>>> print(open('start29.txt').read())   # compact mmCIF, C-alpha atoms and all ligand atoms
# COMPACT_ATOMS: atom_id res chain seq x y z
CA MET H 35 32.50 -13.03 -11.53
CA ALA H 36 29.91 -13.05 -8.82
CA LEU H 37 26.35 -12.22 -9.71
CA GLY H 38 25.26 -8.81 -8.51
CA LYS H 39 22.09 -8.48 -6.52
CA ASP H 40 20.92 -5.51 -8.53
CA TYR H 41 20.40 -4.73 -12.20
CA ALA H 42 23.28 -2.28 -12.58
CA HIS H 43 23.70 -2.98 -16.27
CA GLN H 44 20.04 -2.61 -17.12
CA GLN H 45 18.87 0.70 -18.55
CA CYS H 46 15.31 -0.58 -18.88
CA SER H 47 12.88 1.56 -16.89
CA ILE H 48 11.17 -1.56 -15.51
CA ALA H 49 14.49 -2.82 -14.20
CA ARG H 50 15.25 0.58 -12.70
CA ALA H 51 11.84 0.69 -11.00
CA LEU H 52 12.35 -2.82 -9.66
CA GLU H 53 15.55 -1.61 -8.02
CA ILE H 54 13.24 0.37 -5.76
CA VAL H 55 10.09 -1.74 -5.43
CA GLY H 56 11.20 -5.22 -6.47
CA GLU H 57 12.23 -6.63 -3.10
CA ARG H 58 10.00 -8.89 -1.05
CA TRP H 59 7.60 -6.91 1.23
CA THR H 60 8.32 -3.56 -0.41
CA LEU H 61 5.13 -3.21 -2.43
CA LEU H 62 3.10 -4.52 0.50
CA VAL H 63 4.56 -1.73 2.63
CA VAL H 64 3.51 0.72 -0.07
CA ARG H 65 0.06 -0.89 -0.26
CA ASP H 66 -0.41 -0.51 3.49
CA ALA H 67 0.74 3.12 3.27
CA PHE H 68 -2.14 3.71 0.83
CA TYR H 69 -4.45 2.06 3.36
CA GLY H 70 -3.35 4.69 5.89
CA VAL H 71 -0.73 2.76 7.83
CA ARG H 72 2.07 5.12 8.90
CA ARG H 73 3.81 3.68 11.93
CA TYR H 74 6.46 1.00 12.11
CA SER H 75 4.57 -0.93 14.75
CA ASP H 76 1.42 -0.89 12.61
CA PHE H 77 3.23 -2.07 9.48
CA LEU H 78 4.76 -4.78 11.64
CA ALA H 79 1.41 -5.86 13.08
CA HIS H 80 -0.36 -5.96 9.74
CA LEU H 81 2.35 -7.41 7.51
CA GLY H 82 4.04 -9.81 9.88
CA ALA H 83 7.37 -9.13 8.14
CA PRO H 84 10.54 -9.80 10.12
CA ARG H 85 11.47 -6.68 12.11
CA ALA H 86 14.87 -6.13 10.53
CA VAL H 87 13.49 -6.67 7.04
CA LEU H 88 10.67 -4.20 7.61
CA ALA H 89 13.09 -1.61 8.98
CA ALA H 90 15.36 -2.09 5.95
CA ARG H 91 12.45 -1.79 3.51
CA LEU H 92 11.17 1.38 5.15
CA GLN H 93 14.65 2.90 5.07
CA ALA H 94 15.11 1.94 1.42
CA LEU H 95 11.77 3.54 0.52
CA VAL H 96 12.79 6.71 2.36
CA ASP H 97 16.15 6.71 0.56
CA ALA H 98 14.36 6.28 -2.77
CA GLY H 99 12.03 9.18 -2.06
CA VAL H 100 8.91 7.00 -1.98
CA LEU H 101 8.19 7.55 1.71
CA ASP H 102 8.85 10.59 3.87
CA ARG H 103 9.88 9.94 7.48
CA ARG H 104 8.29 12.35 9.92
CA ARG H 105 8.84 12.59 13.68
CA TYR H 106 5.51 12.61 15.44
CA ARG H 107 6.75 12.21 19.01
CA GLU H 108 10.01 13.23 20.65
CA SER H 109 10.06 11.28 23.85
CA PRO H 110 10.43 8.47 23.17
CA PRO H 111 11.26 9.33 19.55
CA ARG H 112 8.73 7.91 17.13
CA ASP H 113 8.53 8.37 13.39
CA GLU H 114 5.82 7.83 10.87
CA TYR H 115 6.15 7.13 7.17
CA VAL H 116 4.06 9.00 4.65
CA LEU H 117 3.86 8.55 0.90
CA THR H 118 5.54 11.29 -1.12
CA ALA H 119 4.35 12.40 -4.54
CA ARG H 120 6.69 9.77 -5.97
CA GLY H 121 5.08 7.17 -3.71
CA LEU H 122 1.55 8.25 -4.60
CA ALA H 123 2.47 7.76 -8.24
CA LEU H 124 2.75 4.02 -7.50
CA TRP H 125 -1.03 3.65 -7.08
CA PRO H 126 -1.66 2.60 -10.71
CA VAL H 127 1.08 -0.01 -10.31
CA LEU H 128 -0.62 -1.53 -7.27
CA TRP H 129 -4.00 -1.34 -8.96
CA ALA H 130 -2.73 -3.13 -12.06
CA LEU H 131 -1.03 -5.83 -9.99
CA GLY H 132 -4.24 -6.44 -8.08
CA ALA H 133 -6.26 -6.62 -11.29
CA TRP H 134 -3.76 -9.07 -12.77
CA GLY H 135 -3.93 -11.21 -9.66
CA ARG H 136 -7.71 -11.31 -9.72
CA ALA H 137 -7.76 -12.22 -13.40
CA GLU H 138 -4.91 -14.70 -13.56
CA LEU H 139 -4.89 -16.21 -10.06
CA PRO H 140 -8.58 -16.79 -9.46
CA GLY H 141 -10.08 -18.80 -6.67
CA THR H 142 -10.06 -16.32 -3.84
CA LEU H 143 -12.95 -14.14 -2.79
CA PRO H 144 -12.45 -10.40 -3.10
CA MET H 145 -10.67 -8.95 -0.09
CA ARG H 146 -11.53 -5.33 -0.69
CA HIS H 147 -13.59 -3.23 -3.02
CA PHE H 148 -12.64 0.24 -4.17
CA HIS H 149 -15.24 2.89 -4.85
CA HIS H 150 -15.23 6.48 -6.04
CA ALA H 151 -15.96 8.26 -2.76
CA ASP H 152 -17.79 11.14 -4.44
CA CYS H 153 -20.46 9.03 -6.15
CA GLY H 154 -20.12 5.58 -4.54
CA THR H 155 -19.54 3.73 -7.81
CA GLU H 156 -17.14 0.78 -7.74
CA LEU H 157 -14.04 1.50 -9.79
CA GLY H 158 -13.65 -0.09 -13.21
CA PRO H 159 -10.87 -2.39 -14.38
CA LEU H 160 -8.47 0.45 -15.04
CA GLY H 161 -9.12 2.13 -11.70
CA GLU H 162 -11.45 4.64 -13.25
CA CYS H 163 -14.96 5.61 -12.19
CA PRO H 164 -17.39 4.21 -14.79
CA ALA H 165 -20.11 6.67 -13.74
CA CYS H 166 -17.98 9.82 -13.78
CA ARG H 167 -15.86 8.50 -16.67
CA ALA H 168 -12.73 9.82 -15.04
CA PRO H 169 -9.62 8.50 -13.38
CA VAL H 170 -9.87 8.54 -9.58
CA ALA H 171 -7.00 9.71 -7.41
CA PRO H 172 -6.20 7.57 -4.35
CA ALA H 173 -7.44 10.28 -1.97
CA ASP H 174 -10.86 10.05 -3.64
CA ILE H 175 -11.15 6.29 -3.26
CA GLU H 176 -13.17 4.58 -0.54
CA MET H 177 -12.10 1.07 0.37
CA ARG H 178 -14.81 -1.34 1.51
CA PRO H 179 -14.36 -4.84 2.91
CA GLY H 180 -14.98 -7.78 0.59
CA THR H 181 -16.28 -11.26 1.32
CA GLY H 182 -12.77 -12.71 1.30
CA LEU H 183 -11.60 -10.61 4.21
CA ASP H 184 -11.09 -12.30 7.56
CA PRO H 185 -13.94 -10.84 9.66
CA ASP H 186 -12.00 -11.29 12.89
CA PRO H 187 -8.32 -10.59 12.26
CA ALA H 188 -5.90 -11.02 15.13
CA ASP H 189 -4.04 -7.74 14.65
CA PRO H 190 -5.48 -4.31 15.50
CA VAL H 191 -4.58 -2.86 12.10
CA GLY H 192 -6.47 -5.61 10.33
CA ARG H 193 -9.45 -4.92 12.59
CA ALA H 194 -9.28 -1.19 11.88
CA LEU H 195 -9.21 -1.94 8.15
CA LEU H 196 -12.52 -3.85 8.37
CA ALA H 197 -14.46 -0.60 8.27
CA PRO H 198 -14.99 1.32 5.04
CA ARG H 199 -12.37 4.03 4.85
CA ARG H 200 -10.75 6.47 2.48
CA LEU H 201 -7.33 5.68 1.22
CA LEU H 202 -4.47 7.71 2.71
CA VAL H 203 -6.42 8.78 5.81
CA PRO H 204 -4.03 8.07 8.70
CA LEU H 205 -4.95 4.87 10.45
CA ASP H 206 -5.18 4.86 14.22
CA PRO H 207 -5.80 1.29 15.34
CA THR H 208 -6.11 2.41 18.95
CA GLY H 209 -8.87 4.87 18.12
CA ALA H 210 -12.55 4.31 17.51
ZN ZN K 301 -17.78 8.61 -9.72
>>> encode(input="start29.txt", output="structure tokens", more="lines below")
Ligand SMILES: [Zn+2]
Amino acid sequence: MALGKDYAHQQCSIARALEIVGERWTLLVVRDAFYGVRRYSDFLAHLGAPRAVLAARLQALVDAGVLDRRRYRESPPRDEYVLTARGLALWPVLWALGAWGRAELPGTLPMRHFHHADCGTELGPLGECPACRAPVAPADIEMRPGTGLDPDPADPVGRALLAPRRLLVPLDPTGA
């Protein structure tokens, strides 16, 4: 019997979640959506994923209810991809993965820092604000560049992400 490419016989909730976010590039697409990336061309520029793979990942995330596809221009037709409530609920997953990477795969300088926008305090290890002693929703997080970030990235999205910015605010790499 051939091996399946999914975990059809697994009832484990981790296995079921990995059915949606476990493929290569998928969580990076979700990460960029938190950074404010919404357009196919911008995901493409920032991630450097193969075109067909990126298109398949975006479609799969729409099918899974993680991203919502919205038409923002009719002629020529252009869509953007926006995190749904189900997608926003992935923030603690991304946060924990990043924290694990920093702790267990050391040797790189921090790429980005995340602060509570209301008070400016850098978030604690669990993504909470140590000053306010409260969890911080993604929309209330300000992302600031770290010393490990390439100060002169080749792609316009990477350049736009050099400036401090709130998560989820739509990114417009052609704007100011
Ligand atoms: Zn705070």
>>> closest_atom_pairs(input="start29.txt", of="chain H", to="ligand ZN 301 (chain K)", cutoff="10 Å", atoms="only C-alpha atoms and all ligand atoms", output="Markdown table")
| residue | atom | partner | partner_atom | distance |
| --- | --- | --- | --- | --- |
| H:His149 | CA | K:ZN301 | ZN | 7.9 |
| H:His150 | CA | K:ZN301 | ZN | 5.0 |
| H:Ala151 | CA | K:ZN301 | ZN | 7.2 |
| H:Asp152 | CA | K:ZN301 | ZN | 5.9 |
| H:Cys153 | CA | K:ZN301 | ZN | 4.5 |
| H:Gly154 | CA | K:ZN301 | ZN | 6.4 |
| H:Thr155 | CA | K:ZN301 | ZN | 5.5 |
| H:Glu156 | CA | K:ZN301 | ZN | 8.1 |
| H:Leu157 | CA | K:ZN301 | ZN | 8.0 |
| H:Glu162 | CA | K:ZN301 | ZN | 8.3 |
| H:Cys163 | CA | K:ZN301 | ZN | 4.8 |
| H:Pro164 | CA | K:ZN301 | ZN | 6.7 |
| H:Ala165 | CA | K:ZN301 | ZN | 5.0 |
| H:Cys166 | CA | K:ZN301 | ZN | 4.2 |
| H:Arg167 | CA | K:ZN301 | ZN | 7.2 |
| H:Ala168 | CA | K:ZN301 | ZN | 7.4 |
| H:Pro169 | CA | K:ZN301 | ZN | 8.9 |
| H:Val170 | CA | K:ZN301 | ZN | 7.9 |
| H:Asp174 | CA | K:ZN301 | ZN | 9.3 |
| H:Ile175 | CA | K:ZN301 | ZN | 9.5 |
>>> closest_residue(input="start29.txt", among="H:Val55, H:Val96, H:Val191, H:Ala173", to="Thr208 in chain H", atoms="all atoms listed in the file")
H:Val191
>>> closest_atom_pairs(input="start29.txt", of="range 158-208 of chain H", to="range 129-147 of chain H", cutoff="6 Å", atoms="only C-alpha atoms", output="CSV")
residue,atom,partner,partner_atom,distance
H:Met177,CA,H:His147,CA,5.7
H:Arg178,CA,H:His147,CA,5.1
H:Pro179,CA,H:Arg146,CA,4.6
H:Gly180,CA,H:Arg146,CA,4.4
H:Thr181,CA,H:Pro144,CA,5.9
H:Gly182,CA,H:Leu143,CA,4.3
H:Leu183,CA,H:Met145,CA,4.7
>>> residues_near_point(input="start29.txt", point="(6.9, 11.0, -6.2)", cutoff="10 Å", atoms="all atoms listed in the file", output="tab-separated table (two decimals) with C-alpha atoms, in the frame of the given file")
chain	number	residue	atom	x	y	z
H	98	ALA	CA	14.36	6.28	-2.77
H	99	GLY	CA	12.03	9.18	-2.06
H	100	VAL	CA	8.91	7.00	-1.98
H	101	LEU	CA	8.19	7.55	1.71
H	117	LEU	CA	3.86	8.55	0.90
H	118	THR	CA	5.54	11.29	-1.12
H	119	ALA	CA	4.35	12.40	-4.54
H	120	ARG	CA	6.69	9.77	-5.97
H	121	GLY	CA	5.08	7.17	-3.71
H	122	LEU	CA	1.55	8.25	-4.60
H	123	ALA	CA	2.47	7.76	-8.24
H	124	LEU	CA	2.75	4.02	-7.50
>>> closest_residue(input="start29.txt", among="H:Arg73, H:Arg112, H:Arg65, H:Arg193", to="Val127 in chain H", atoms="all atoms listed in the file")
H:Arg65
>>> atom_distance(input="start29.txt", atom1="CA of Phe148 in chain H", atom2="CA of Glu114 in chain H")
25.0 Å
>>> closest_residue(input="start29.txt", among="H:Leu61, H:Ile48, H:Leu205, H:Ala79", to="Pro187 in chain H", atoms="only C-alpha atoms")
H:Ala79
>>> residues_near_point(input="start29.txt", point="(-8.0, 11.3, 1.5)", cutoff="9 Å", atoms="all atoms listed in the file", output="list in words")
Pro172, Ala173, Asp174, Ile175, Glu176, Arg200, Leu201, Leu202, Val203 and Pro204 of chain H
>>> atom_distance(input="start29.txt", atom1="CA of Arg199 in chain H", atom2="CA of Pro126 in chain H")
18.9 Å
